[in-house]
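This report refers to the structure that appears directly beneath it.
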Amino acid sequence: MRAYLLKRHGPTRVLRVSRLPDPRPAEGEVGVRVAAVGVNYAEVLSRKGLYGWAPRLPYVPGMEAAGRIEEVGPGVPRERIGEAVVVGTQHGAYAERLVVPSALALPAMPGFTLEENAAFPVNYMTAWVALMEMARLRPTDRVLISAAAGGVGTAAVQIAHHYGCDVIAMAGSDDKLERVRTLGAGTGVNYRAPDFARRLEDAVGSRRVDVSLEVVGGDVFRRSLASLAPFGRLVVAGYASMNLRRWNPWSWWRTWRDAPRVDVMTLARASGGILATHIGYLLADAVRLERVWRALTAFVREHGIRPVVGHTFPFQELPDAHRLMESRKSTGKIVVRVD
């Protein structure tokens with residue numbers, strides 16, 4: 001099979017197609033023929049050697065895919081062969097074939113396109129866990145969402161809007177803000193504008209926000225935290241501004257400075273809370289994963305929500321997908337077609 005075997009960390013040129021043996025499912029596993037892959041910023045960090053959850057080299061990156069089960073291992077019903085599925089995994093999705101535990105091959109969403117299914121699992125489960133499981137969202141809440149035009153951000157805007165919340169979206173350009181307004185954001189703030197702090201204060205107003213979903217870090221994190229109302233909850237689900245470079249000590253200091261952090265006594269005086277989530281823990285908890293998936297997909301079907309697929313690349317151009325993601329010019333989800 002063709003696969004991107006990562007042999008060393010570095011820029012996008014380290015992503016090269018290799019020929020590898022087809023993986024075979026063991027007991028309790030399924031073999032999936034991959035048709036499309038969802039690209040995530042965590043995979044950019046993994047390529048650079050900056051992602052702590054990545055396995056040791058060499059390995060095939062990729063955390064989510066859409067395809068069909070073409071083989072099952074012992075203990076898995078043969079009726080699953082041919083089933084359309086979406087897959088969440090630690091790695092392995094940048095390939096034509098993928099083997100995962102049966103519980104991680106979830107039913108594809110009926111009515112979604114192939115690209116929409118590939119765009120769905122990681123971003124929407126991240127947004128759902130952050131908002132519903134961690135922040136315990138209420139319909140009366142005001143919600144502030146950073147990087148709202150990205151994969152997690154567009155998912156969070158849709159979920160919060162359809163739950164009945166007033167949504168304030170932050171994005172890095174006015175064009176991106178126009179896009180997220182069509183998804184349900186009531187107010188938009190460009191966090192790259194020179195007067196970002198004033199714009200955010202004007203948007204938040206005196207009532208402030210009850211929930212903030214933050215994935216950028218740096219000044220965006222600090223301003224989001226300061227925007228919380230008493231009893232507010234900020235959930236960290238990423239750190240997109242991290243740009244650590246091994247041979248650049250200045251980047252080390254900048255990364256340390258911008259990393260999300262908080263003092264407990266500061267939180268106590270503001271009567272606020274900060275939480276953090278990484279959905280990788282769900283992979284080892286099949287019962288919790290199934291519960292989250294069932295609740296999320298029921299909500300999405302009820303409200304007619306569809307993933308925003310902003311860009312699609314063929315398999316051989318996967319490095320270009322990474323370049324686009326690093327450029328911060330993408331909107332919605334980046335998907336790579338494998339077939």
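Just so we're on the same page: first chain in the structure tokens is A, next is B, and so on; residues restart at 1 for each chain, and ligands are numbered from 1 in the order they show up.
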
Quiz item: Which residues in segment 37-243 of chain A does DSSP call alpha helix (DSSP H)? List them as a PyMOL selection string.
Solution: chain A and resi 41-48+114-119+121-128+151-162+174-181+196-204+218-226

Exercise. Excluding segment 5-13 of chain A and residues on its chain fewer than 4 positions from it, collect all residues at most 6 Å away from it, counting only C-alpha atoms, and give them as a ChimeraX atom specification.
Key: /A:47-49,57-60,319

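Ranking A:Gly184, A:Gly52, A:Gly332, A:Gly304 by their shortest atom-to-atom distance to Pro110 of chain A, with only C-alpha atoms included, puts A:Gly304 first.
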
Quiz item: Between A:Val87, A:Val32, A:Gly310, A:Arg142, which is the closest to Lys176 of chain A once you count only C-alpha atoms?
Solution: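 Looking only at the distances to Lys176 of chain A, the closest residue turns out to be A:Gly310.
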
Exercise. Quick one: everything within 7 Å of Ala229 of chain A, counting only C-alpha atoms, minus sequence neighbours fewer than 3 positions away in the same chain. Send it as a VMD selection string.
Key: chain A and resid 207 to 210 232

Self-check item: Distance criterion (only C-alpha atoms): nearest to Ile159 of chain A out of A:Ala268, A:Ala321, A:Ala135, A:Ala127
Solution: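 Smallest distance to Ile159 of chain A is found for A:Ala127.
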
Practice problem: List every residue of segment 10-199 of chain A that DSSP, applied to the backbone of this structure, assigns to strand (DSSP E or B), and report them as an MDAnalysis selection string. | Solution: chainID A and resid 17:19 29:39 59 64:72 84:88 95 97:101 105:107 142:145 150 166:171 187:190

Quiz item: Between A:Ser227, A:Ser102, A:Ser18, A:Ser271, which has the minimum distance to Gly88 of chain A (counting only C-alpha atoms)?
Solution: A:Ser102

Quiz item: Between A:Gln90, A:Val39, A:Ile145, A:Ser173, which is the closest to Gly186 of chain A once you count only C-alpha atoms?
Solution: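 Closest residue, counting only C-alpha atoms: A:Ile145.
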